[in-house]
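Next comes entry-v8.csv, with CSV, C-alpha atoms.
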```csv
chain,number,residue,atom,x,y,z
A,192,MET,CA,-28.9,96.4,-31.2
A,193,ARG,CA,-28.3,100.2,-31.4
A,194,TYR,CA,-31.3,100.6,-29.1
A,195,PHE,CA,-29.7,98.3,-26.5
A,196,SER,CA,-26.2,99.8,-26.6
A,197,ASN,CA,-27.6,103.2,-26.0
A,198,THR,CA,-29.6,102.3,-23.0
A,199,ARG,CA,-28.2,102.5,-19.5
A,200,LYS,CA,-30.0,99.3,-18.5
A,201,MET,CA,-28.3,97.3,-21.3
A,202,ARG,CA,-24.9,98.7,-20.4
A,203,LYS,CA,-25.4,97.7,-16.8
A,204,THR,CA,-26.5,94.2,-17.8
A,205,LEU,CA,-23.4,93.9,-20.0
A,206,VAL,CA,-21.1,94.9,-17.2
A,207,PHE,CA,-22.8,92.6,-14.8
A,208,THR,CA,-22.5,89.6,-17.2
A,209,ILE,CA,-18.8,90.3,-17.9
A,210,LEU,CA,-18.2,90.5,-14.2
A,211,SER,CA,-20.1,87.3,-13.5
A,212,VAL,CA,-18.2,85.4,-16.2
A,213,MET,CA,-14.9,86.7,-14.8
A,214,LEU,CA,-15.9,85.7,-11.3
A,215,VAL,CA,-17.0,82.2,-12.3
A,216,THR,CA,-14.0,81.5,-14.6
A,217,ASN,CA,-11.4,83.3,-12.5
A,218,GLY,CA,-9.5,80.8,-10.4
A,219,CYS,CA,-6.1,79.6,-10.0
A,220,GLY,CA,-3.6,78.5,-12.5
A,221,GLY,CA,-3.4,74.8,-13.6
A,222,LYS,CA,-0.2,73.3,-14.9
A,223,LYS,CA,0.8,70.0,-16.3
A,224,PHE,CA,4.4,68.8,-16.2
A,225,PRO,CA,5.9,66.1,-18.3
A,226,VAL,CA,7.0,62.8,-16.9
A,227,TYR,CA,10.7,62.2,-16.9
A,228,SER,CA,11.6,59.0,-18.6
A,229,VAL,CA,14.8,57.3,-19.8
A,230,LYS,CA,14.6,54.7,-22.6
A,231,SER,CA,17.8,52.8,-21.9
A,232,ILE,CA,20.2,53.3,-19.0
A,233,ARG,CA,22.6,50.4,-19.4
A,234,GLY,CA,26.0,51.5,-20.7
A,235,ARG,CA,25.1,55.2,-20.5
A,236,GLU,CA,27.0,57.9,-18.7
A,237,ASN,CA,26.0,58.2,-15.0
A,238,PHE,CA,25.4,54.4,-14.8
A,239,SER,CA,27.1,51.9,-12.6
A,240,ALA,CA,26.4,48.3,-11.8
A,241,ASN,CA,27.7,45.4,-9.6
A,242,ARG,CA,26.4,42.0,-8.7
A,243,GLU,CA,23.8,43.3,-6.3
A,244,VAL,CA,22.5,46.7,-7.6
A,245,SER,CA,22.7,48.9,-10.6
A,246,ILE,CA,22.2,52.6,-10.4
A,247,PHE,CA,21.6,55.3,-12.9
A,248,ALA,CA,21.4,59.0,-11.9
A,249,GLU,CA,20.8,62.2,-13.8
A,250,PRO,CA,21.1,65.6,-12.2
A,251,MET,CA,18.7,68.3,-13.5
A,252,ASN,CA,20.1,71.5,-14.9
A,253,LYS,CA,18.2,74.9,-15.1
A,254,LYS,CA,16.4,74.0,-18.3
A,255,ALA,CA,15.4,70.5,-17.2
A,256,CYS,CA,14.1,71.9,-13.8
A,257,GLN,CA,11.9,74.4,-15.7
A,258,LYS,CA,10.6,71.6,-17.9
A,259,TYR,CA,9.9,69.0,-15.3
A,260,PHE,CA,9.1,71.1,-12.3
A,261,GLY,CA,7.9,74.4,-13.7
A,262,THR,CA,10.4,76.4,-11.7
A,263,ASN,CA,14.2,76.7,-11.4
A,264,LEU,CA,14.8,74.7,-8.3
A,265,LEU,CA,18.5,75.4,-8.5
A,266,SER,CA,17.9,79.0,-7.8
A,267,LYS,CA,16.5,77.8,-4.5
A,268,ASN,CA,19.7,75.7,-3.9
A,269,ILE,CA,17.8,72.5,-4.5
A,270,LEU,CA,19.3,69.9,-6.9
A,271,PRO,CA,16.8,67.3,-8.2
A,272,VAL,CA,18.5,64.1,-9.3
A,273,PHE,CA,16.6,61.4,-11.1
A,274,VAL,CA,17.5,58.0,-9.8
A,275,ASN,CA,16.8,54.5,-11.2
A,276,ILE,CA,17.9,51.6,-9.0
A,277,LYS,CA,17.7,48.0,-9.9
A,278,ASN,CA,18.1,44.9,-7.7
A,279,THR,CA,20.5,42.7,-9.8
A,280,SER,CA,20.9,40.0,-7.1
A,281,CYS,CA,19.5,36.5,-7.4
A,282,ASP,CA,17.5,36.2,-4.3
A,283,LYS,CA,17.8,39.3,-2.1
A,284,THR,CA,15.3,42.0,-1.3
A,285,PHE,CA,16.5,45.5,-0.7
A,286,LEU,CA,14.9,48.4,1.2
A,287,VAL,CA,15.7,51.7,-0.3
A,288,GLN,CA,14.6,55.2,0.9
A,289,LYS,CA,15.6,58.8,0.1
A,290,SER,CA,17.6,59.2,3.3
A,291,TYR,CA,19.9,56.4,2.0
A,292,PHE,CA,21.3,58.6,-0.8
A,293,SER,CA,24.2,61.1,-0.4
A,294,LEU,CA,26.0,63.3,-2.8
A,295,ARG,CA,29.7,64.2,-2.8
A,296,ASP,CA,32.0,66.5,-4.7
A,297,ILE,CA,34.4,64.3,-6.7
A,298,SER,CA,36.8,67.1,-7.7
A,299,LYS,CA,37.5,67.8,-4.1
A,300,ALA,CA,38.1,64.1,-3.5
A,301,SER,CA,40.8,63.9,-6.2
A,302,LEU,CA,42.8,66.6,-4.3
A,303,ASN,CA,42.1,65.5,-0.8
A,304,SER,CA,41.6,62.3,1.1
A,305,ASP,CA,38.1,60.7,1.4
A,306,ASN,CA,37.6,62.2,4.9
A,307,GLU,CA,37.8,65.7,3.5
A,308,GLN,CA,35.2,65.2,0.9
A,309,ARG,CA,32.4,67.7,1.0
A,310,SER,CA,29.0,66.1,1.4
A,311,ILE,CA,25.7,67.7,0.3
A,312,ALA,CA,23.0,66.6,2.7
A,313,ALA,CA,19.8,65.1,1.3
A,314,ILE,CA,16.6,66.8,2.3
A,315,GLY,CA,15.1,64.6,5.0
A,316,LEU,CA,11.4,65.2,4.4
A,317,ALA,CA,9.3,65.9,1.3
A,318,GLY,CA,7.5,68.6,3.2
A,319,ALA,CA,10.8,70.5,3.8
A,320,ILE,CA,11.1,71.3,0.2
A,321,VAL,CA,7.6,72.7,-0.2
A,322,ALA,CA,7.8,75.6,2.1
A,323,PRO,CA,10.5,77.7,0.3
A,324,ILE,CA,9.0,77.0,-3.1
A,325,SER,CA,5.5,78.0,-2.0
A,326,MET,CA,6.9,81.1,-0.3
A,327,VAL,CA,8.7,82.2,-3.5
A,328,LEU,CA,5.6,81.6,-5.6
A,329,THR,CA,3.1,83.4,-3.5
A,330,ALA,CA,4.1,86.5,-5.5
A,331,GLY,CA,2.7,84.9,-8.6
A,332,LEU,CA,-0.4,82.7,-9.1
A,333,ILE,CA,-1.3,80.9,-5.9
A,334,SER,CA,-2.2,77.6,-7.5
A,335,ASP,CA,1.0,77.6,-9.5
A,336,SER,CA,2.7,76.8,-6.2
A,337,MET,CA,0.0,74.2,-5.5
A,338,TYR,CA,0.7,72.4,-8.8
A,339,ILE,CA,4.5,72.6,-8.3
A,340,GLU,CA,4.2,71.3,-4.8
A,341,GLN,CA,2.0,68.4,-6.0
A,342,ASN,CA,4.3,67.7,-8.9
A,343,VAL,CA,7.4,67.6,-6.5
A,344,HIS,CA,5.6,65.1,-4.3
A,345,GLU,CA,4.4,63.0,-7.3
A,346,LYS,CA,7.9,62.7,-8.8
A,347,GLU,CA,9.8,62.0,-5.5
A,348,PHE,CA,11.6,58.7,-5.0
A,349,LYS,CA,9.4,56.6,-2.6
A,350,ARG,CA,10.5,54.3,0.2
A,351,ARG,CA,10.1,50.7,-0.9
A,352,THR,CA,11.5,47.2,-1.0
A,353,ILE,CA,12.9,46.0,-4.3
A,354,PRO,CA,12.8,42.3,-4.9
A,355,ALA,CA,15.4,40.5,-7.1
A,356,GLY,CA,15.1,41.7,-10.7
A,357,GLU,CA,12.9,44.6,-10.0
A,358,GLU,CA,13.7,48.4,-10.1
A,359,ALA,CA,12.5,51.6,-8.6
A,360,GLN,CA,12.9,55.2,-9.8
A,361,GLY,CA,12.1,58.8,-8.8
A,362,PHE,CA,13.7,62.1,-7.9
A,363,ILE,CA,15.8,62.8,-4.9
A,364,TYR,CA,16.0,66.4,-3.9
A,365,PHE,CA,19.3,67.6,-2.5
A,366,GLN,CA,19.7,70.9,-0.7
A,367,TYR,CA,23.1,72.5,-0.8
A,368,SER,CA,24.6,75.6,0.9
A,369,LYS,CA,24.0,79.0,-0.8
A,370,LYS,CA,27.8,79.5,-0.7
A,371,GLU,CA,28.5,76.4,-2.7
A,372,LYS,CA,28.7,76.1,-6.5
A,373,LEU,CA,27.7,72.8,-7.8
A,374,PRO,CA,30.7,70.8,-9.1
A,375,GLU,CA,30.8,69.3,-12.6
A,376,LYS,CA,31.5,65.8,-11.2
A,377,MET,CA,29.8,64.3,-8.2
A,378,THR,CA,29.5,60.9,-6.6
A,379,LEU,CA,26.0,59.7,-5.7
A,380,GLU,CA,26.1,57.0,-3.1
A,381,VAL,CA,23.2,54.7,-2.2
A,382,THR,CA,22.9,52.3,0.7
A,383,ALA,CA,20.5,49.4,0.1
A,384,LEU,CA,19.4,47.4,3.1
A,385,ASP,CA,19.1,43.7,2.7
A,386,ILE,CA,16.0,43.0,4.7
A,387,LYS,CA,16.8,39.3,5.4
A,388,SER,CA,20.4,39.7,6.8
A,389,SER,CA,20.0,43.4,7.8
A,390,LYS,CA,23.3,44.0,5.9
A,391,LYS,CA,23.9,47.4,4.3
A,392,ILE,CA,25.2,47.4,0.8
A,393,LYS,CA,26.8,50.6,-0.5
A,394,HIS,CA,27.2,51.4,-4.1
A,395,ASN,CA,28.0,54.6,-6.0
A,396,VAL,CA,27.9,56.2,-9.4
A,397,ILE,CA,29.9,59.2,-10.8
A,398,ILE,CA,27.5,61.8,-12.2
A,399,SER,CA,28.2,64.8,-14.5
A,400,PHE,CA,26.5,68.1,-14.0
A,401,LYS,CA,26.3,70.7,-16.7
A,402,GLU,CA,24.7,74.0,-15.9
B,194,MET,CA,-25.8,115.6,-5.8
B,195,ASN,CA,-22.2,115.6,-4.4
B,196,LYS,CA,-23.5,114.2,-1.1
B,197,ARG,CA,-25.2,111.3,-2.9
B,198,ILE,CA,-22.1,110.5,-4.9
B,199,GLY,CA,-20.0,110.7,-1.7
B,200,ARG,CA,-22.4,108.3,0.1
B,201,LYS,CA,-22.2,105.9,-2.8
B,202,MET,CA,-18.4,106.0,-2.7
B,203,VAL,CA,-18.4,105.2,1.0
B,204,TYR,CA,-20.7,102.2,0.5
B,205,LEU,CA,-18.5,101.0,-2.4
B,206,LEU,CA,-15.3,101.4,-0.5
B,207,SER,CA,-16.9,99.6,2.6
B,208,LEU,CA,-18.0,96.8,0.4
B,209,MET,CA,-14.6,96.5,-1.3
B,210,PHE,CA,-12.9,96.5,2.1
B,211,PHE,CA,-15.3,93.9,3.4
B,212,LEU,CA,-14.7,91.7,0.4
B,213,LEU,CA,-11.0,92.0,0.8
B,214,VAL,CA,-10.8,91.1,4.5
B,215,SER,CA,-13.6,88.6,4.7
B,216,GLY,CA,-13.0,85.0,4.2
B,217,CYS,CA,-14.6,81.7,5.2
B,218,THR,CA,-13.9,78.1,5.8
B,219,HIS,CA,-15.0,75.7,3.0
B,220,MET,CA,-15.7,72.2,4.3
B,221,MET,CA,-15.2,69.8,1.4
B,222,PRO,CA,-17.3,66.6,1.9
B,223,VAL,CA,-15.8,63.2,1.4
B,224,PRO,CA,-17.6,60.0,0.2
B,225,GLU,CA,-19.1,58.1,3.1
B,226,LYS,CA,-19.8,54.9,1.3
B,227,ASP,CA,-17.7,51.8,0.9
B,228,LEU,CA,-15.8,51.7,-2.4
B,229,THR,CA,-17.4,49.7,-5.2
B,230,CYS,CA,-14.3,49.6,-7.3
B,231,ASP,CA,-13.9,46.7,-9.5
B,232,PHE,CA,-10.9,44.9,-8.0
B,233,ILE,CA,-9.8,42.0,-10.1
B,234,GLU,CA,-10.3,39.8,-7.0
B,235,ARG,CA,-8.0,36.9,-6.5
B,236,GLN,CA,-7.6,34.2,-3.9
B,237,PRO,CA,-6.9,36.0,-0.6
B,238,TYR,CA,-3.8,35.1,1.4
B,239,ASP,CA,-4.5,32.4,3.9
B,240,ALA,CA,-3.1,34.4,6.8
B,241,THR,CA,-4.1,36.6,9.8
B,242,LEU,CA,-3.1,40.2,9.3
B,243,LYS,CA,-2.9,42.8,11.9
B,244,LEU,CA,-3.9,46.1,10.2
B,245,VAL,CA,-2.5,49.1,12.0
B,246,LEU,CA,-4.3,52.3,11.1
B,247,PRO,CA,-2.8,55.0,13.4
B,248,THR,CA,-5.0,57.8,14.6
B,249,ALA,CA,-2.9,60.3,12.6
B,250,TYR,CA,-4.0,58.4,9.5
B,251,CYS,CA,-7.7,58.1,10.5
B,252,ASP,CA,-8.1,61.6,11.8
B,253,TYR,CA,-6.3,63.3,8.9
B,254,VAL,CA,-7.9,66.6,7.8
B,255,TRP,CA,-6.5,68.4,4.7
B,256,ILE,CA,-6.3,72.2,5.4
B,257,LYS,CA,-5.3,74.7,2.9
B,258,ASP,CA,-5.3,78.5,3.2
B,259,ASN,CA,-5.5,80.2,-0.2
B,260,GLY,CA,-3.9,83.4,1.1
B,261,LEU,CA,-7.1,85.4,0.4
B,262,GLY,CA,-8.8,84.6,3.6
B,263,ASP,CA,-10.4,81.4,2.5
B,264,THR,CA,-9.6,78.1,4.2
B,265,PHE,CA,-10.4,74.8,2.6
B,266,LYS,CA,-10.8,71.7,4.8
B,267,MET,CA,-11.3,68.1,3.8
B,268,PRO,CA,-11.6,65.4,6.5
B,269,LEU,CA,-10.2,62.6,4.4
B,270,GLY,CA,-8.9,60.3,7.1
B,271,LYS,CA,-12.2,58.6,8.1
B,272,ASN,CA,-12.8,57.5,4.5
B,273,LEU,CA,-9.2,56.3,4.1
B,274,CYS,CA,-9.5,54.2,7.2
B,275,PHE,CA,-12.8,52.7,6.5
B,276,ASN,CA,-11.9,51.7,3.0
B,277,ALA,CA,-8.4,50.3,4.1
B,278,GLU,CA,-10.2,47.8,6.2
B,279,SER,CA,-12.5,46.8,3.4
B,280,MET,CA,-9.7,46.4,1.0
B,281,PHE,CA,-7.4,44.3,3.3
B,282,LYS,CA,-10.4,42.0,4.0
B,283,LYS,CA,-10.3,41.2,0.3
B,284,ALA,CA,-6.6,40.4,0.4
B,285,PHE,CA,-6.4,38.3,3.6
B,286,THR,CA,-8.6,35.7,5.1
B,287,LYS,CA,-8.6,37.3,8.6
B,288,VAL,CA,-7.9,40.9,9.4
B,289,ILE,CA,-7.6,42.4,12.9
B,290,THR,CA,-7.7,46.2,12.9
B,291,THR,CA,-6.1,48.4,15.5
B,292,HIS,CA,-5.4,52.1,15.8
B,293,ASP,CA,-2.6,51.7,18.3
B,294,ASN,CA,0.8,51.6,16.6
B,295,SER,CA,2.7,50.8,19.7
B,296,THR,CA,1.6,47.2,19.6
B,297,ILE,CA,2.4,46.3,16.0
B,298,VAL,CA,4.1,43.0,16.8
B,299,THR,CA,1.9,40.5,18.6
B,300,ASN,CA,1.4,36.8,18.5
B,301,ASP,CA,-2.3,36.9,17.5
B,302,ALA,CA,-1.4,37.6,13.9
B,303,ASP,CA,0.9,36.1,11.3
B,304,MET,CA,2.0,39.6,10.1
B,305,ALA,CA,1.2,43.3,10.7
B,306,VAL,CA,0.9,46.1,8.2
B,307,GLU,CA,1.0,49.8,9.1
B,308,ALA,CA,-0.2,52.8,7.1
B,309,LYS,CA,1.6,56.1,7.0
B,310,LEU,CA,0.4,59.1,5.2
B,311,ILE,CA,3.3,60.7,3.3
B,312,SER,CA,1.6,63.5,1.5
B,313,PHE,CA,-1.8,64.7,0.2
B,314,ASP,CA,-2.1,67.5,-2.4
B,315,PHE,CA,-5.1,69.1,-3.9
B,316,ALA,CA,-4.6,71.5,-6.8
B,317,PHE,CA,-7.6,73.3,-8.3
B,318,GLY,CA,-7.9,74.0,-12.0
B,319,MET,CA,-7.4,77.4,-13.7
B,320,THR,CA,-11.1,77.8,-14.5
B,321,VAL,CA,-14.3,75.9,-13.8
B,322,PHE,CA,-13.7,74.1,-17.1
B,323,HIS,CA,-10.3,72.8,-16.0
B,324,GLU,CA,-9.7,69.7,-14.0
B,325,ALA,CA,-8.7,69.6,-10.3
B,326,LYS,CA,-6.2,67.0,-9.2
B,327,GLN,CA,-5.8,65.2,-5.9
B,328,VAL,CA,-2.7,63.1,-5.2
B,329,ILE,CA,-2.0,61.0,-2.1
B,330,ASN,CA,1.1,59.0,-1.1
B,331,VAL,CA,0.6,56.3,1.5
B,332,GLU,CA,3.5,54.1,2.8
B,333,TRP,CA,2.8,50.6,3.9
B,334,THR,CA,5.2,48.6,6.0
B,335,MET,CA,4.6,44.9,6.6
B,336,THR,CA,6.4,43.1,9.4
B,337,ASP,CA,6.5,39.6,10.8
B,338,PRO,CA,5.7,39.0,14.5
B,339,GLY,CA,9.5,39.5,15.3
B,340,GLY,CA,9.3,43.0,13.8
B,341,ASN,CA,11.4,42.1,10.7
B,342,ILE,CA,10.4,43.8,7.5
B,343,ILE,CA,8.6,41.6,4.9
B,344,TRP,CA,7.5,44.3,2.5
B,345,VAL,CA,7.5,48.1,2.1
B,346,ASP,CA,5.9,50.1,-0.6
B,347,THR,CA,4.6,53.6,-1.1
B,348,ILE,CA,1.5,53.8,-3.2
B,349,GLN,CA,0.3,56.8,-5.0
B,350,GLY,CA,-3.4,57.4,-5.6
B,351,VAL,CA,-4.6,60.0,-8.1
B,352,GLY,CA,-8.0,61.5,-8.5
B,353,THR,CA,-9.1,64.0,-11.2
B,354,ALA,CA,-12.4,65.7,-11.6
B,355,SER,CA,-13.8,69.1,-12.8
B,356,THR,CA,-12.9,72.0,-10.6
B,357,GLY,CA,-16.5,73.0,-10.4
B,358,GLY,CA,-18.1,76.4,-10.1
B,359,ILE,CA,-19.4,78.3,-7.1
B,360,ILE,CA,-22.3,75.9,-6.6
B,361,SER,CA,-20.8,72.6,-7.7
B,362,TYR,CA,-17.2,72.7,-6.4
B,363,LYS,CA,-17.9,70.8,-3.2
B,364,ASN,CA,-19.7,68.0,-5.1
B,365,ASP,CA,-16.9,67.8,-7.6
B,366,ALA,CA,-14.3,67.7,-4.8
B,367,LYS,CA,-16.3,64.7,-3.3
B,368,LYS,CA,-16.2,62.9,-6.7
B,369,ASN,CA,-12.5,63.6,-6.9
B,370,ALA,CA,-11.9,62.2,-3.4
B,371,TYR,CA,-13.8,59.0,-4.4
B,372,LYS,CA,-11.7,58.5,-7.5
B,373,LEU,CA,-8.5,59.1,-5.4
B,374,THR,CA,-9.5,56.6,-2.7
B,375,THR,CA,-10.5,54.0,-5.4
B,376,ASP,CA,-7.2,54.5,-7.2
B,377,LEU,CA,-5.2,54.3,-4.0
B,378,TYR,CA,-6.7,51.0,-2.8
B,379,LYS,CA,-6.9,49.4,-6.2
B,380,LYS,CA,-3.2,49.9,-6.6
B,381,THR,CA,-2.5,48.9,-3.0
B,382,TYR,CA,-4.5,45.7,-3.5
B,383,GLU,CA,-2.6,44.9,-6.7
B,384,ALA,CA,0.8,45.6,-5.1
B,385,ILE,CA,0.0,43.3,-2.1
B,386,ILE,CA,-1.4,40.4,-4.2
B,387,GLU,CA,1.5,40.6,-6.7
B,388,SER,CA,4.2,41.1,-4.1
B,389,ARG,CA,6.7,38.2,-4.3
B,390,GLU,CA,7.9,39.0,-0.7
B,391,ILE,CA,4.4,38.5,0.7
B,392,GLN,CA,3.8,35.4,-1.4
B,393,ASN,CA,7.0,33.8,-0.2
B,394,TYR,CA,6.3,34.7,3.4
B,395,VAL,CA,2.8,33.3,3.4
B,396,LEU,CA,4.1,30.1,1.6
B,397,GLN,CA,6.7,29.6,4.4
B,398,LEU,CA,3.9,30.0,7.0
B,399,ARG,CA,2.0,27.1,5.6
B,400,LYS,CA,5.0,24.8,5.4
```
Translate the structure of the given file into structure tokens.
Amino acid sequence: MRYFSNTRKMRKTLVFTILSVMLVTNGCGGKKFPVYSVKSIRGRENFSANREVSIFAEPMNKKACQKYFGTNLLSKNILPVFVNIKNTSCDKTFLVQKSYFSLRDISKASLNSDNEQRSIAAIGLAGAIVAPISMVLTAGLISDSMYIEQNVHEKEFKRRTIPAGEEAQGFIYFQYSKKEKLPEKMTLEVTALDIKSSKKIKHNVIISFKE
Amino acid sequence: MNKRIGRKMVYLLSLMFFLLVSGCTHMMPVPEKDLTCDFIERQPYDATLKLVLPTAYCDYVWIKDNGLGDTFKMPLGKNLCFNAESMFKKAFTKVITTHDNSTIVTNDADMAVEAKLISFDFAFGMTVFHEAKQVINVEWTMTDPGGNIIWVDTIQGVGTASTGGIISYKNDAKKNAYKLTTDLYKKTYEAIIESREIQNYVLQLRK
């Protein structure tokens, strides 16, 4: 061993081996994010039901964003809201998609009329959320942004029809103005489209947000 | 002696510069064969389906620039299209395939279904020993000849495989894509067969 460590040849081999191992194993970061789940939604805060739909919504704070998305989306003015919607009708089928959700500031509504409520627009496309996140993360590990991007898409609420008795869930990403501070109480409104009659049913739930 | 060291330094710096600015395109292969996934096959719907696979779906190529000069490409669309047709033939007695989404509603079929690719993500593992993950979201919209919605669902397919080393990464990506397509169409088949909306619609057709 002493003979080897003293030789230039062995030192070169050692450096070469270390470099090779580094090159082979060097790659991008891989991350795993937990799945958001709720055990029971009925009767809980942020829950509302009528004869046609029931809705449960939970906005994510900084800590929850870090846990489920690996990054603080709020610092990028994106509020992820977990939504569970159930068709409680007897025979209707509803079409629900992310553009059918809207978020309003309830504290403003208590002071002013409905027309003066501020509305936070939902992000129209899943792709729209990816660009700013990726740009921010390019300073860090490249594949961290790849994993975050993938996770955001995986968890997003997907467009689908919900037959009677069935439910759908996922995250809706809301983008709000940089100037705005998120209020403690908000109203989440959902429009469900009855595919047989083409009638739109509106339902809302009051949600609490704690930073 | 100093001249030799100087020359070596120039070579080393040139090499480092070359390594920094050079990059290449990595074409990731996709499985060419028909899926042999073990669908729990059930009685197909006795109906004629018009399967609309738009060119945007069939010609889809995933392109990712890693920011270091390397571009990864995966022409996934052809495989997605080919296997969509195979899967729908298991679910319906007659399938007419078209790539033109402007003629979705016609009288030559009982219903039409259109595919729309929502997202595809491919994230590599941290090291060669970690797994790489591919996730796809495809939205299916089924309409009657009058254009009324029968059923809509967004199906998520997931494929995981080893990231692979310098030599094996392409083969591992291919294995991953196979798992992804299998998962996507297995879930789609199950969603279609189990859909109450489709079951009721087909039942009404036969009355």
Excluding Val306 (chain B) and residues on its chain fewer than 4 positions from it, collect all residues at most 6 Å away from it, counting all atoms listed in the file, and give them as a ChimeraX atom specification.
/B:244-245,334-335
So which one's closest to Asp239 (chain B), B:Asp303, B:Asp263, B:Glu225, B:Asp258? Using only C-alpha atoms, please.
B:Asp303
For region 267-274 of chain A, work out the shell of residues within 7 Å, counting only C-alpha atoms and skipping chain neighbours fewer than 5 positions away, then give it as a tab-separated table (two decimals) with C-alpha atoms, in the frame of the given file.
```
chain	number	residue	atom	x	y	z
A	247	PHE	CA	21.60	55.30	-12.90
A	248	ALA	CA	21.40	59.00	-11.90
A	249	GLU	CA	20.80	62.20	-13.80
A	250	PRO	CA	21.10	65.60	-12.20
A	251	MET	CA	18.70	68.30	-13.50
A	360	GLN	CA	12.90	55.20	-9.80
A	361	GLY	CA	12.10	58.80	-8.80
A	362	PHE	CA	13.70	62.10	-7.90
A	363	ILE	CA	15.80	62.80	-4.90
A	364	TYR	CA	16.00	66.40	-3.90
A	365	PHE	CA	19.30	67.60	-2.50
A	366	GLN	CA	19.70	70.90	-0.70
A	367	TYR	CA	23.10	72.50	-0.80
A	368	SER	CA	24.60	75.60	0.90
A	369	LYS	CA	24.00	79.00	-0.80
```
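Residue-level contact on chain B: within 8 Å of chain A, counting only C-alpha atoms, the set is Asn259, Gly260, Ser312, Asp314, Phe315, Ala316, Phe317, Gly318, Met319, Thr320, Val321, Phe322, His323, Val328, Glu332, Asn341, Ile342, Ile343, Trp344, Val345, Asp346, Thr347, Gln349, Gly358, Ile359, Arg389 and Glu390 of chain B.
Contact shell of Cys274 (chain B) at 9 Å (all atoms listed in the file; same-chain neighbours under 5 positions omitted): Leu246, Tyr250, Cys251, Asp252, Leu269 and Ser279 of chain B.
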I need every residue sitting at most 10 Å from the point (-15.9, 64.8, -2.7) (coordinates as in the file, all atoms listed in the file considered), written as a ChimeraX atom specification.
/B:221-225,267,269,354,362-373
Fewer than 6 positions away in the same chain doesn't count, so skip those; otherwise give me all residues within 8 Å of Thr279 (chain A), counting all atoms listed in the file, as an MDAnalysis selection string.
chainID A and resid 241:245 355:357
Could you write out that same residue set with C-alpha atoms as a PDB file, keeping the file's coordinate frame?
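Result file is out_3.pdb:
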```
ATOM      1  CA  ASN A 241      27.700  45.400  -9.600  1.00  0.00           C
ATOM      2  CA  ARG A 242      26.400  42.000  -8.700  1.00  0.00           C
ATOM      3  CA  GLU A 243      23.800  43.300  -6.300  1.00  0.00           C
ATOM      4  CA  VAL A 244      22.500  46.700  -7.600  1.00  0.00           C
ATOM      5  CA  SER A 245      22.700  48.900 -10.600  1.00  0.00           C
ATOM      6  CA  ALA A 355      15.400  40.500  -7.100  1.00  0.00           C
ATOM      7  CA  GLY A 356      15.100  41.700 -10.700  1.00  0.00           C
ATOM      8  CA  GLU A 357      12.900  44.600 -10.000  1.00  0.00           C
TER       9      GLU A 357
END
```
Length of the CA of Asp293 (chain B) to CA of Ala308 (chain B) vector [Å]:
11.5 Å
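Separating CA of Gly352 (chain B) from CA of Asn330 (chain B) is a distance of 12.0 Å.
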In Å, how far is it from CA of Asn393 (chain B) to CA of Lys243 (chain B)?
18.0 Å
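Take the candidates B:Leu310, B:Ile385, B:Val254, B:Val203 and check each one against Phe285 (chain B) using only C-alpha atoms; the shortest distance goes to B:Ile385.
Comparing A:Lys223, A:Lys277, A:Arg199, A:Lys391 by their smallest distance to Ser239 (chain A), the closest is A:Lys277 (using all atoms listed in the file).
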Report, as JSON, the axis-aligned box around all atoms of region 236-245 of chain A present in the file, extended by 8 Å on each side; give centre and edge lengths in Å to one decimal place.
```
{"center_x": 25.1, "center_y": 50.1, "center_z": -12.5, "size_x": 21.2, "size_y": 32.2, "size_z": 28.4}
```
